[in-house]
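Data block below; observations after.
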Amino acid sequence: MFSLENITDSSQKWLYATFNSTIALVLQCVIVMLLVISLFAVLGLVLVLMERKVAARMQIRLGPNRVGPKGMLQTAADTLKLMMKEGLTPDGADKFLFNLAPFVVMIAGMLIMAPIAFAKGFQIWDINIGVLYVSAVSSVSVIGILMAGWASNNKYSLLGAMRSGAQIVSYELSAGFSIVSIVVLAGSLQMSDIIASQQTGWWLFRGHIPAIIAFVIFIIAVTAETNRAPFDLAEAESELTAGFHTEYSGMKFALFFLAEYINIFIVCAIGATLFLGGWMPLHVGHWKGFNHVMDYIPSSLWFLGKTFFLIFLIMWFRWTFPRLRVDQLLSLEWKYLLPISMFNLLLITLIAIMGWHF
Amino acid sequence: MGPIALLILTIAAILFSAGGILVSKFLVRGSVNAQKGQPYECGIPAEGSPWNQFNVGYYLFALLFLIFDVELIFVYPWAVVVKKVGWMALVEIAIFFFILFTGFLYAHKKGALKWM
Amino acid sequence: MNASQIIFYLISAFVLGTAVLAVTTRKIFRSAIWLLFSLVGVAGLYFWMQVEFVAAVQIIVYVGGVVVLIIFSIFLTHHSGSELPKTPLKQTIFSMLAVLLGFAFSYNLIAKHGFPTTSDKPFVVPVSAIGEQMLDTKQHGFVLPFEVVSMLLLAAMIGCIVIAMRSMPKGKTIQKQASPINGNGKTQDLPVPTKTMEEETT
Amino acid sequence: MAFLKQYISEIYQAVSSLLKGMKTTGSYFVRPKEIITQQYPDNRADMKIPERFRGEVVMTHDENNEHACTGCTACELACPNATIKIVTKFDTTPEGKKKKALDTFVYHLELCTMCNLCVEACPTSAIKMAQTFEHSVYDRSQLLKKLNKPGSKLRAGVE
Amino acid sequence: METNLNKVIETASQGNSPFPGQTHDLPGGGILISSFNDIINWARSNSLWPLTFATSCCGIEMMSVASSKYDFSRFGFEVARATPRQADVIIIAGTIVNKMAPVLKRLYDQMADPKYVIAMGACAISGGPFFYNTYSVVKGADHVIPVDVYIPGCPPRPEALLHALITLQQKIKSGLTREQIRAEKPQS
Amino acid sequence: MYRETKILNVDSKVSPIGGDLEGAVGADEGELVINVGPQHPATHGVLHLVITLQGETIQKVEPHLGYIHRSIEKMCESLSYRQFIYVTSRMDYLSAHINNHGCALCVEKGLQLEIPPRAQVIRVLMDELTRIASHELWWGAMAMDLGAFTPFFYAFRERETINDIMEETCGARLTMNYMVPGGVMYDIHPNFQKRVKDFIQLFNNKIDEYDDLVTNNIIFQNRTKGVGILSAADAISYGCTGPVARGSGVTCDIRKLYPYEVYDKVAFDEIIETAGDSYARYLVRIKELRQSVRIIEQLIDNIPDGDFQAKTKAVLKLPRGEFYSRIETARGEFGVYIVSEGGTTPYRIKFRSPGFSNLSALDHMSRGSKIGDLMAIMGTLDLVIPDIDR
Amino acid sequence: MNSIPLTHILFVSTALFFIGMYGLFTRRNLITMLMSIELILNSVNINFVAFNKYMYPDKLNGVFFSLFIITVAAAEAAVAIAIIINLYRSHRSIDVEDTTEMKY
Amino acid sequence: MTNGEIKQHIVTVRPNGVFDETGEWLQVQVDISEWKTFAQWLRNDALQMDFLFCLTGIDWSATATGKTLLTMVYHFTSTVFRHTLVVKVKLDRNNPEIETVSDIWRTAEFHEREVFDLFGVKFLHHPDLRRLVLTDDFEGYPLRKDFEDPINMIKL
Ligand code: SF4
Ligand code: SF4
Ligand code: SF4
């Protein structure tokens, strides 16, 4: 079984052997750049298509199936069309900020990619503050949204932006607390350490009920943080037409659209890493044979499988639930999630200190 | 790769976005008309600017958020060493939380968590 | 110059440039955005200095918290589209002079002193080290400040609430038209629950 | 404690109601045979349109290119929005008498509301509703139609 | 008058075009060697996002097209956008009255290019049932904005709307402008 | 061929929407005036609401109508008594049948026609099917307003079944034009009874699904309970009818109070909820679905034989006088008021549409609530805008 | 990495400090003044971390101090903004000139 | 209450009302000067007509007698007694003015605006009398029989 680790290692070795270190570094940078860009593009295409297909299946219809084989090229056509569509900037807008906002959102999305371990040894930067870094950078995107909403000079946009501002910052807290719960168990912020600590089992299963509670809270919080239904107040179609990106068209809108899906992928990847062991295969106690078979599946598949499972979960929410109202949204966070997650953190600490986890 | 990674990623994001925007800028010609630049408001000309002073009901939440956010940054280093430090850590964080939770309850009681 | 140096100068230029813009631009919302960039640049500087933890904290607190709060308060208190009044030219010149002088003086001092960098030891800040020292009850521990921080935050929180709630507009009472004259209290006048949403959700 | 109990039971009920909803959508997700989509352009061949469906007004012509319209304008009068315009001419019958006959049956498809009143009104059942519906055109003027086929004439025996 | 009318009708009804293409392969038989324009037109035609614009009864049939039974998402049309900035096609589903006409015009103006218009139903084509004796109905949406495809009916069946969308796709794929298509049709 | 109004002229500072926009320009500090509609996904058509907001709290909602005012009343003055009926199905197109029915009743009242029993039963069956279809659409659209998309598709699945049945018998899916003075246009299709029975069987299971998906959903309940409260006295004063008034505890079902056709011979309950909030209105409609099913179940096997249409003259002339008929549509009381001068066309015709009165209560109901609540309120008002504008 | 001399970092921090000062001098609006103060605090933080890194790499006190300063700055910002908004509500202005009679 | 009883009640307060009992419901015609007080009495006193379900204007100018006549027709029902009454008020077509009843029945506010819009009847003391469905710059009152609009109206 080939492993991505070998590929990265050997390519790095080859690079450094062939060129001098500066050129090798530059080449490496270029390779990484190309990789992430293509990852972005592919993720965008796949996730949007997946969303539409999942929605269609839940809504007893077929979904895109006529563009390309089985509708595979639907999102490609969409992207191309959006690229070939005029990008308007309203007259009254603050043009500079208006055009800057999609960049901010994209950069934030891109930066969070850094510490994510896509497979064993396939990570851009195993930063030692891993998850803290993630929650830090993800808070930048709220500024992009506020910027977009304000600069559009549109009332819907502004209202949407303010809502999402309040929403994202609030839910960051409970997301943070549930991340910390895992940090307590794993004893490190570094992604690789956290994954390594799940060698014997995923924290979701090993951490008793508090871990499950943390997981649930995490999922709720990240759904809210990515402005997904049922928390999609920032772009509540029936209230604010398109929310903060009402005035965006063409490629700039596509970037917001893409960033939304990238963010979903990222938060689900984080969730998979923290709770479901990242690329760690599923191991069950002493079932040697079973574990062996599981090991045989490449780690990247494990990672993607878990991530896409979580993404599916989030899509499932979207296509099932009505939207919350703004005040309910905030009271859900402040009256339920935050106190529960704080209390839960104490429980987890107890478990960790007593070593009660498996 | 260290901090360089961040730089690369930033550049990648900029390239990616700028590429798309520039392509559409150069290849697509749009029609021009007087209404196009007007803000969209369901097809009715907008009256009054949204940039007027505006009542944000959420700023109290932002205030509270800031406080809790700061709290959270102290929890991170604590969380890393919980297992090493043991009981002491639990006690310390319990005190820490307790004090803050008092504030939280106070806020709750004062109705600050209620939407206005 | 190697890559690291270039990056340092880039970041520095970014920080200073955006900071200058932040204090000079006359659109208040843009000013907040420039401030944000400046703060992000400072975080970049921390990354460059390899104190990732402080960098992350910088971003979390400033970008996610303070700037958002500032933006909200701008919405609340300004016609955010309009420009701030121009500072009188005289004042600008004097402040500029004062600031330049001050800068020249202080930097002169710093440059003179020269700060010999004594050690070439690599500077690494593992989070666990921070954590350990923070929870340490011994002499060099920071457990007391740690707990004091919570008191500080508590005080700040209560302060905020007290101050903010004091002036909270009581929500201009929205006039619903009164019920029509003489409901006549007939059969239809069934009791209508007047419970509000808040009561329902609490 | 009572407060806590209520708090928890509230959460329990909320979560269970949400799960129920998810069960419904999820059950459809795993049962693709519930999908009811008809693939329109592909199912054109075997599409069943009820015979009463009113797609447009047509005039029936038999194999001799004869129709049953006497040009009596009853349909024109019955039509609520003047979709039909009957242009008549005077034919000379074999006996040499002049007789009013249909020249052009003008039908504005773009105006027609498929209300069936004209068909009901026609004494000779010369017109009927067709089940066609694929009328999209690029140009509005193409919707103006002449219902009697070129060279058609009145079927013998229809009064 | 009568002969004139006859001529008009005859020239008009000739252009009964055959059913527009049924499958939507890549231009150039599935291989991406076709010219750049073809690819762009392929993308545009397969990603027509409608504006949620329904004024009356025809709007309900438009909703039916979105519903599971007809499901226009198969063609990639389901991303209905509420804001004209992101929409590609206005489906004028319903009557346009004088008060609404400026709104429609404004919405159309505010859409980003390229943009298309489908007039759905008798009302949008000509005022339909409200052509005579009404003081407030615009006699055809094409008095307000240019229309690409007309689909008569009151309301048209959902399939008919799908047919109109396919017709529009054909038009986009042909790469011709509105005027070109009008000019060409009579000869074809 | 239309008269350009001032709205086209962007430069002019004249207020484009009917009325003073003083509020917008010189608004109180912190107030935001925002237009919702006429093109807005939540207004179900072209209602235009001018909302004054304080933060997100609604201070005032001002409906502006007329974006689909098609001058139907004027038009009907020049249409004969047979012709004008079809126009009314374009008013409340979701209850097209019932509207036509109301008009036919009014004409029949004038003509003093006896309707054959078969036609009566068919009419009632069609009415109830229409009501189900209308409520289905409302349910889906309301859920969509509140942000849940999937119910819309489930609702349309059932609705399509009804549409198919309708199409088979009446020849059209939405604007059936099946009622004519004196009866119905054609006899029912041979398949009709079987298909309706199949549908009823299927439908009974589906309503439970609706409950799982929406009615019992905690988010939905929180969004609608206590929102947009309308007291019974207010409901009467605002002239609300139909499920809106019944949600406030007002008995107003025309089918019970002034029975027409065979409604006095079938057993069904008038649903009354007393809370007066959005949830109550929601419940009324959901429960009405079951009542409609009940009516259909009673009638479907008992369609009497006989004519489906009474004999009428080719040209109908109503005697001089005034005729008023009331009928219960899916939205409330629909009234047709014909003033006849003895000619072949009505002298004056007035349609009393349920939505018009229901809409007038919107401002009252939504003051002080949030924008999100407005969607819940609008959703449960179940407005059909052409019905309001006519 | 250490090829940058400490003075260069100090240059940045000093410059940032004085930019903040400039803002404080010229702006007459409480929110913009608050922003300037944030800049000043940041320059201090840079110093702390830089000194820690260059001169006492085996200790963490500088890092701790900067952490606490950030904390205090955040708390200060929160309270300040609460006061500003309060002030605005009572004075309808947040210009320093207009608020000199503030007597709390 | 039956039509007769209603009539009896009305006669006690408005002895000079003109009654018409040919229709399904009792019709009473009151003088325009008495209208407002009569309306208040209807709403509050014995009859309790709390539900105004239809408010119509009729322009009689196309008839032989009605050159200068406009009628307002009010349909009332009592939700208490379930009886119905039709009240008619005659207006001068050249200067139609009538007291509003929107303070008595809230629903009248919209209905009256509509009648104002389409017939040009001025409702005195109406809180917000503006065009409802037509644009502000619309000229004429379209539901009047002599309304002409050569631009928009295509006569059949
Ligand atoms: S179907 Fe109706 S509208 Fe069409 S031509 Fe016949 S009568 Fe006229
Ligand atoms: S179609 Fe029928 S009604 Fe019309 S003119 Fe011909 S015969 Fe008369
Ligand atoms: S064409 Fe017919 S169905 Fe469509 S909007 Fe007009 S009247 Fe309604």
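Numbering starts fresh at 1 for the residues of each chain in the structure tokens, the chains themselves are lettered A, B, ... in the order given, and ligands are numbered from 1 as they appear.
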Check: which chain A residues lie within 7 Å of chain C using only C-alpha atoms, as an NGL selection string: :A and (129 or 132-133 or 136 or 139-140 or 169)
Prev. selection, C-alpha atoms, output as a compact mmCIF listing (two decimals), in the first residue's frame:
# COMPACT_ATOMS: atom_id res chain seq x y z
CA ILE A 129 -0.48 25.52 18.56
CA LEU A 132 -5.62 27.34 18.72
CA TYR A 133 -4.32 28.55 15.40
CA ALA A 136 -7.74 32.16 15.71
CA SER A 139 -12.30 34.39 13.46
CA VAL A 140 -10.82 36.48 10.66
CA VAL A 169 -18.29 35.48 17.53
Residues within 7 Å of ligand 3, counting only C-alpha atoms and all ligand atoms, as a list in words: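 My answer, listing the contacting residues, is Thr113 of chain D; Ser56, Cys57, Cys58, Ala93, Gly94, Thr95, Met120, Gly121, Ala122, Cys123, Ala124, Gly128, Pro129, Gly153, Cys154 and Pro155 of chain E; Arg90 and Thr175 of chain F.
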DSSP-assigned alpha helix (DSSP H) members of range 140-253 of chain F, reported as a ChimeraX atom specification: /F:140-145,150-170,192-210,218-224,232-237,242-247
Let me see the file: selected residues, C-alpha atoms, as a CSV table (one decimal), in the first residue's frame.
chain,number,residue,atom,x,y,z
F,140,GLY,CA,-44.4,24.0,1.9
F,141,ALA,CA,-44.1,27.7,1.4
F,142,MET,CA,-44.4,28.5,5.0
F,143,ALA,CA,-41.7,26.0,5.9
F,144,MET,CA,-39.6,27.5,3.2
F,145,ASP,CA,-40.1,31.0,4.6
F,150,THR,CA,-37.5,20.0,2.2
F,151,PRO,CA,-41.1,20.2,3.4
F,152,PHE,CA,-41.8,22.2,0.2
F,153,PHE,CA,-40.9,19.2,-1.9
F,154,TYR,CA,-42.9,16.8,0.2
F,155,ALA,CA,-45.9,19.1,0.0
F,156,PHE,CA,-45.6,19.4,-3.8
F,157,ARG,CA,-45.4,15.7,-4.1
F,158,GLU,CA,-48.9,15.4,-2.7
F,159,ARG,CA,-50.0,18.5,-4.5
F,160,GLU,CA,-48.9,17.1,-7.8
F,161,THR,CA,-51.1,14.1,-7.2
F,162,ILE,CA,-54.1,16.4,-6.7
F,163,ASN,CA,-53.1,18.3,-9.8
F,164,ASP,CA,-53.0,15.2,-11.8
F,165,ILE,CA,-56.5,14.3,-10.7
F,166,MET,CA,-57.7,17.8,-11.5
F,167,GLU,CA,-56.0,17.8,-14.8
F,168,GLU,CA,-57.7,14.5,-15.7
F,169,THR,CA,-61.1,15.8,-14.9
F,170,CYS,CA,-61.0,19.5,-15.5
F,192,PHE,CA,-61.7,10.1,-10.7
F,193,GLN,CA,-63.1,8.2,-7.8
F,194,LYS,CA,-60.4,5.6,-7.8
F,195,ARG,CA,-57.7,8.1,-8.0
F,196,VAL,CA,-59.1,10.2,-5.2
F,197,LYS,CA,-59.4,7.2,-3.0
F,198,ASP,CA,-55.9,6.2,-3.7
F,199,PHE,CA,-54.8,9.7,-2.9
F,200,ILE,CA,-56.7,9.9,0.4
F,201,GLN,CA,-55.1,6.6,1.5
F,202,LEU,CA,-51.7,7.9,0.7
F,203,PHE,CA,-52.3,11.3,2.1
F,204,ASN,CA,-53.4,10.1,5.6
F,205,ASN,CA,-49.9,8.6,6.2
F,206,LYS,CA,-48.2,11.7,4.9
F,207,ILE,CA,-49.8,14.1,7.3
F,208,ASP,CA,-48.0,12.3,10.1
F,209,GLU,CA,-44.8,12.8,8.3
F,210,TYR,CA,-45.5,16.5,8.2
F,218,ILE,CA,-38.7,22.5,18.3
F,219,ILE,CA,-37.2,25.2,16.2
F,220,PHE,CA,-40.4,25.6,14.3
F,221,GLN,CA,-42.5,25.8,17.4
F,222,ASN,CA,-40.2,28.4,18.9
F,223,ARG,CA,-40.4,30.4,15.7
F,224,THR,CA,-44.2,30.4,15.7
F,232,ALA,CA,-60.4,37.5,18.7
F,233,ALA,CA,-61.8,41.0,19.0
F,234,ASP,CA,-59.0,42.3,16.7
F,235,ALA,CA,-59.6,39.6,14.3
F,236,ILE,CA,-63.2,40.5,13.9
F,237,SER,CA,-62.4,44.2,13.8
F,242,GLY,CA,-60.7,31.8,7.4
F,243,PRO,CA,-57.9,30.1,9.3
F,244,VAL,CA,-56.5,33.4,10.4
F,245,ALA,CA,-59.6,34.2,12.4
F,246,ARG,CA,-60.2,30.6,13.4
F,247,GLY,CA,-56.7,30.6,14.9
Long-range neighbours of Ala62 in chain B as a VMD selection string, 7 Å cut-off, only C-alpha atoms, 4 positions minimum in chain: (chain A and resid 166) or (chain B and resid 58 66) or (chain C and resid 69)
Within 10 Å of ligand 2 (only C-alpha atoms and all ligand atoms), residues as a PyMOL selection string: chain D and resi 57-60+67-79+84-88+101-102+104-105+118-128+147-148+154+158-159
Residues near Val131 in chain A, cut-off 7 Å, only C-alpha atoms, skip fewer than 6 positions along chain, as a ChimeraX atom specification: /A:189-191
Let me see the file: selected residues, N, CA and C atoms, as a PDB file, in the first residue's frame.
ATOM      1  N   LEU A 189      -1.761  20.799  21.800  1.00  0.00           N
ATOM      2  CA  LEU A 189      -2.533  21.556  20.821  1.00  0.00           C
ATOM      3  C   LEU A 189      -2.171  21.144  19.405  1.00  0.00           C
ATOM      4  N   GLN A 190      -1.047  20.452  19.311  1.00  0.00           N
ATOM      5  CA  GLN A 190      -0.551  20.141  17.976  1.00  0.00           C
ATOM      6  C   GLN A 190      -1.417  19.065  17.323  1.00  0.00           C
ATOM      7  N   MET A 191      -1.724  19.300  16.072  1.00  0.00           N
ATOM      8  CA  MET A 191      -2.590  18.357  15.379  1.00  0.00           C
ATOM      9  C   MET A 191      -2.012  16.948  15.390  1.00  0.00           C
TER      10      MET A 191
END
Nearby residues (only C-alpha atoms) at most 10 Å from Phe94 in chain C, same-chain spacing under 5 positions excluded, as a PyMOL selection string: (chain C and resi 89+99-100) or (chain G and resi 22+25-26)
May I have the selected residues written with all heavy atoms, as a PDB file, in the first residue's frame?
ATOM      1  N   LEU C  89      -5.229  72.023  10.249  1.00  0.00           N
ATOM      2  CA  LEU C  89      -3.885  71.860   9.722  1.00  0.00           C
ATOM      3  C   LEU C  89      -2.838  72.117  10.799  1.00  0.00           C
ATOM      4  O   LEU C  89      -1.866  71.378  10.939  1.00  0.00           O
ATOM      5  CB  LEU C  89      -3.695  72.828   8.554  1.00  0.00           C
ATOM      6  CG  LEU C  89      -2.404  72.618   7.780  1.00  0.00           C
ATOM      7  CD1 LEU C  89      -2.432  71.264   7.079  1.00  0.00           C
ATOM      8  CD2 LEU C  89      -2.201  73.728   6.763  1.00  0.00           C
ATOM      9  N   VAL C  99       5.374  64.178  17.332  1.00  0.00           N
ATOM     10  CA  VAL C  99       5.549  62.738  17.214  1.00  0.00           C
ATOM     11  C   VAL C  99       6.904  62.419  16.596  1.00  0.00           C
ATOM     12  O   VAL C  99       7.635  61.542  17.075  1.00  0.00           O
ATOM     13  CB  VAL C  99       4.401  62.157  16.375  1.00  0.00           C
ATOM     14  CG1 VAL C  99       4.732  60.781  15.888  1.00  0.00           C
ATOM     15  CG2 VAL C  99       3.136  62.143  17.192  1.00  0.00           C
ATOM     16  N   LEU C 100       7.264  63.161  15.590  1.00  0.00           N
ATOM     17  CA  LEU C 100       8.549  62.902  14.940  1.00  0.00           C
ATOM     18  C   LEU C 100       9.698  63.140  15.907  1.00  0.00           C
ATOM     19  O   LEU C 100      10.633  62.335  16.009  1.00  0.00           O
ATOM     20  CB  LEU C 100       8.709  63.787  13.701  1.00  0.00           C
ATOM     21  CG  LEU C 100       7.948  63.307  12.468  1.00  0.00           C
ATOM     22  CD1 LEU C 100       8.169  64.241  11.314  1.00  0.00           C
ATOM     23  CD2 LEU C 100       8.399  61.897  12.102  1.00  0.00           C
TER      24      LEU C 100
ATOM     25  N   TYR G  22       0.309  59.798  17.438  1.00  0.00           N
ATOM     26  CA  TYR G  22      -0.168  60.779  16.456  1.00  0.00           C
ATOM     27  C   TYR G  22      -1.688  60.717  16.345  1.00  0.00           C
ATOM     28  O   TYR G  22      -2.365  61.742  16.364  1.00  0.00           O
ATOM     29  CB  TYR G  22       0.483  60.498  15.099  1.00  0.00           C
ATOM     30  CG  TYR G  22      -0.053  61.368  14.002  1.00  0.00           C
ATOM     31  CD1 TYR G  22       0.364  62.697  13.886  1.00  0.00           C
ATOM     32  CD2 TYR G  22      -0.991  60.878  13.096  1.00  0.00           C
ATOM     33  CE1 TYR G  22      -0.145  63.497  12.896  1.00  0.00           C
ATOM     34  CE2 TYR G  22      -1.508  61.682  12.103  1.00  0.00           C
ATOM     35  CZ  TYR G  22      -1.082  63.000  12.002  1.00  0.00           C
ATOM     36  OH  TYR G  22      -1.593  63.791  11.029  1.00  0.00           O
ATOM     37  N   PHE G  25      -3.265  62.321  19.194  1.00  0.00           N
ATOM     38  CA  PHE G  25      -3.217  63.786  19.152  1.00  0.00           C
ATOM     39  C   PHE G  25      -4.241  64.361  18.199  1.00  0.00           C
ATOM     40  O   PHE G  25      -4.892  65.353  18.506  1.00  0.00           O
ATOM     41  CB  PHE G  25      -1.823  64.261  18.701  1.00  0.00           C
ATOM     42  CG  PHE G  25      -0.787  64.113  19.765  1.00  0.00           C
ATOM     43  CD1 PHE G  25       0.552  63.935  19.439  1.00  0.00           C
ATOM     44  CD2 PHE G  25      -1.142  64.151  21.105  1.00  0.00           C
ATOM     45  CE1 PHE G  25       1.502  63.793  20.417  1.00  0.00           C
ATOM     46  CE2 PHE G  25      -0.191  64.007  22.089  1.00  0.00           C
ATOM     47  CZ  PHE G  25       1.139  63.822  21.744  1.00  0.00           C
ATOM     48  N   THR G  26      -4.336  63.742  17.030  1.00  0.00           N
ATOM     49  CA  THR G  26      -5.138  64.395  15.997  1.00  0.00           C
ATOM     50  C   THR G  26      -6.605  64.022  16.046  1.00  0.00           C
ATOM     51  O   THR G  26      -7.449  64.805  15.648  1.00  0.00           O
ATOM     52  CB  THR G  26      -4.606  64.058  14.597  1.00  0.00           C
ATOM     53  OG1 THR G  26      -4.460  62.650  14.508  1.00  0.00           O
ATOM     54  CG2 THR G  26      -3.293  64.732  14.337  1.00  0.00           C
TER      55      THR G  26
END
Test item: chain E residues at most 10 Å from chain H, counting only C-alpha atoms, as an MDAnalysis selection string: chainID E and resid 97:100 130:139
Distance filter 12 Å, only C-alpha atoms, chain E against chain B, as an MDAnalysis selection string: chainID E and resid 36:37 40 51:53 82:86 99:115
Pro3 in chain B environment, 10 Å, only C-alpha atoms, sequence neighbours closer than 2 positions dropped, as number ranges by chain: A: 125, 127; B: 1, 5-8; C: 4, 7, 44-50, 52
File of the preceding selection, N, CA and C atoms, as a short mmCIF file (atom, residue, chain, number, x, y, z; two decimals), in the first residue's frame:
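Output contents, as saved in out18.cif:
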data_model
loop_
_atom_site.label_atom_id
_atom_site.label_comp_id
_atom_site.auth_asym_id
_atom_site.auth_seq_id
_atom_site.Cartn_x
_atom_site.Cartn_y
_atom_site.Cartn_z
N TRP A 125 1.83 22.55 7.57
CA TRP A 125 2.66 23.04 8.68
C TRP A 125 2.07 22.50 9.97
N ILE A 127 1.90 23.11 12.95
CA ILE A 127 2.18 24.19 13.90
C ILE A 127 1.91 23.72 15.32
N MET B 1 7.48 23.76 7.71
CA MET B 1 7.93 24.85 6.87
C MET B 1 7.83 26.18 7.59
N ALA B 5 5.01 28.95 5.35
CA ALA B 5 3.78 28.31 4.90
C ALA B 5 2.63 29.30 4.86
N LEU B 6 2.58 30.13 5.91
CA LEU B 6 1.48 31.08 5.96
C LEU B 6 1.55 32.03 4.78
N LEU B 7 2.78 32.46 4.51
CA LEU B 7 2.96 33.38 3.39
C LEU B 7 2.51 32.73 2.09
N ILE B 8 2.96 31.48 1.92
CA ILE B 8 2.59 30.79 0.68
C ILE B 8 1.09 30.68 0.55
N SER C 4 13.98 35.05 5.57
CA SER C 4 13.41 35.45 6.85
C SER C 4 13.49 36.96 7.04
N ILE C 7 10.98 38.71 4.86
CA ILE C 7 9.64 38.61 5.44
C ILE C 7 9.49 39.61 6.57
N GLY C 44 1.52 38.64 12.67
CA GLY C 44 2.51 38.07 11.76
C GLY C 44 3.91 38.21 12.32
N LEU C 45 4.14 39.36 12.92
CA LEU C 45 5.45 39.59 13.53
C LEU C 45 5.72 38.55 14.63
N TYR C 46 4.70 38.27 15.40
CA TYR C 46 4.86 37.25 16.45
C TYR C 46 5.14 35.89 15.82
N PHE C 47 4.42 35.62 14.74
CA PHE C 47 4.69 34.35 14.06
C PHE C 47 6.14 34.31 13.63
N TRP C 48 6.56 35.43 13.13
CA TRP C 48 7.94 35.49 12.65
C TRP C 48 8.91 35.27 13.80
N MET C 49 8.55 35.82 14.96
CA MET C 49 9.41 35.64 16.13
C MET C 49 9.20 34.28 16.77
N GLN C 50 8.36 33.46 16.15
CA GLN C 50 8.09 32.11 16.62
C GLN C 50 7.48 32.03 18.00
N GLU C 52 4.23 31.55 18.50
CA GLU C 52 2.95 31.34 17.85
C GLU C 52 1.79 31.55 18.81
#
Distance-based interface of chain G with chain B, 10 Å, counting only C-alpha atoms, as number ranges by chain: G: 67-68, 70-72, 74-75, 77-79, 81-82, 85
I need the chosen residues saved as a compact mmCIF listing (two decimals), in the first residue's frame, with N, CA and C atoms.
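Dumped to result_6.txt:
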# COMPACT_ATOMS: atom_id res chain seq x y z
N LEU G 67 0.83 38.61 27.25
CA LEU G 67 -0.49 37.99 27.38
C LEU G 67 -1.38 38.80 28.30
N PHE G 68 -0.81 39.17 29.44
CA PHE G 68 -1.64 39.91 30.40
C PHE G 68 -2.02 41.27 29.85
N ILE G 70 -2.48 41.95 26.73
CA ILE G 70 -3.59 41.74 25.79
C ILE G 70 -4.90 41.60 26.54
N THR G 71 -4.84 40.83 27.62
CA THR G 71 -6.04 40.65 28.42
C THR G 71 -6.58 41.99 28.91
N VAL G 72 -5.65 42.73 29.50
CA VAL G 72 -6.08 44.01 30.05
C VAL G 72 -6.60 44.91 28.94
N ALA G 74 -8.02 44.04 26.23
CA ALA G 74 -9.35 43.62 25.81
C ALA G 74 -10.38 44.09 26.82
N ALA G 75 -10.09 43.89 28.09
CA ALA G 75 -11.03 44.32 29.12
C ALA G 75 -11.24 45.82 29.03
N ALA G 77 -10.83 47.68 26.43
CA ALA G 77 -11.61 48.03 25.23
C ALA G 77 -13.09 47.80 25.48
N ALA G 78 -13.41 46.67 26.13
CA ALA G 78 -14.81 46.37 26.38
C ALA G 78 -15.44 47.47 27.21
N VAL G 79 -14.77 47.80 28.33
CA VAL G 79 -15.36 48.81 29.21
C VAL G 79 -15.42 50.15 28.50
N ILE G 81 -15.66 50.81 25.41
CA ILE G 81 -16.73 50.90 24.41
C ILE G 81 -18.09 50.99 25.07
N ALA G 82 -18.24 50.26 26.18
CA ALA G 82 -19.50 50.40 26.90
C ALA G 82 -19.69 51.84 27.32
N ILE G 85 -20.50 54.08 24.30
CA ILE G 85 -21.87 53.96 23.82
C ILE G 85 -22.84 54.63 24.79
Within 12 Å of chain C: residues of chain D, using only C-alpha atoms, as a PyMOL selection string: chain D and resi 3-4+6-7+10-11+14
Residues of chain H within 9 Å of chain F, counting only C-alpha atoms, as an MDAnalysis selection string: chainID H and resid 22:24 50:60 62:63 79 82 104:111 130:138 142:145 151:152 156
Residues flagged strand (DSSP E or B) by DSSP in range 80-187 of chain E, as a list in words: Arg81, Val89, Ile90, Ile91, Ile92, Ala93, Val97, Tyr116, Val117, Ile118, Ala119, Met120, Val137, Val149, Tyr150 and Ile151 of chain E
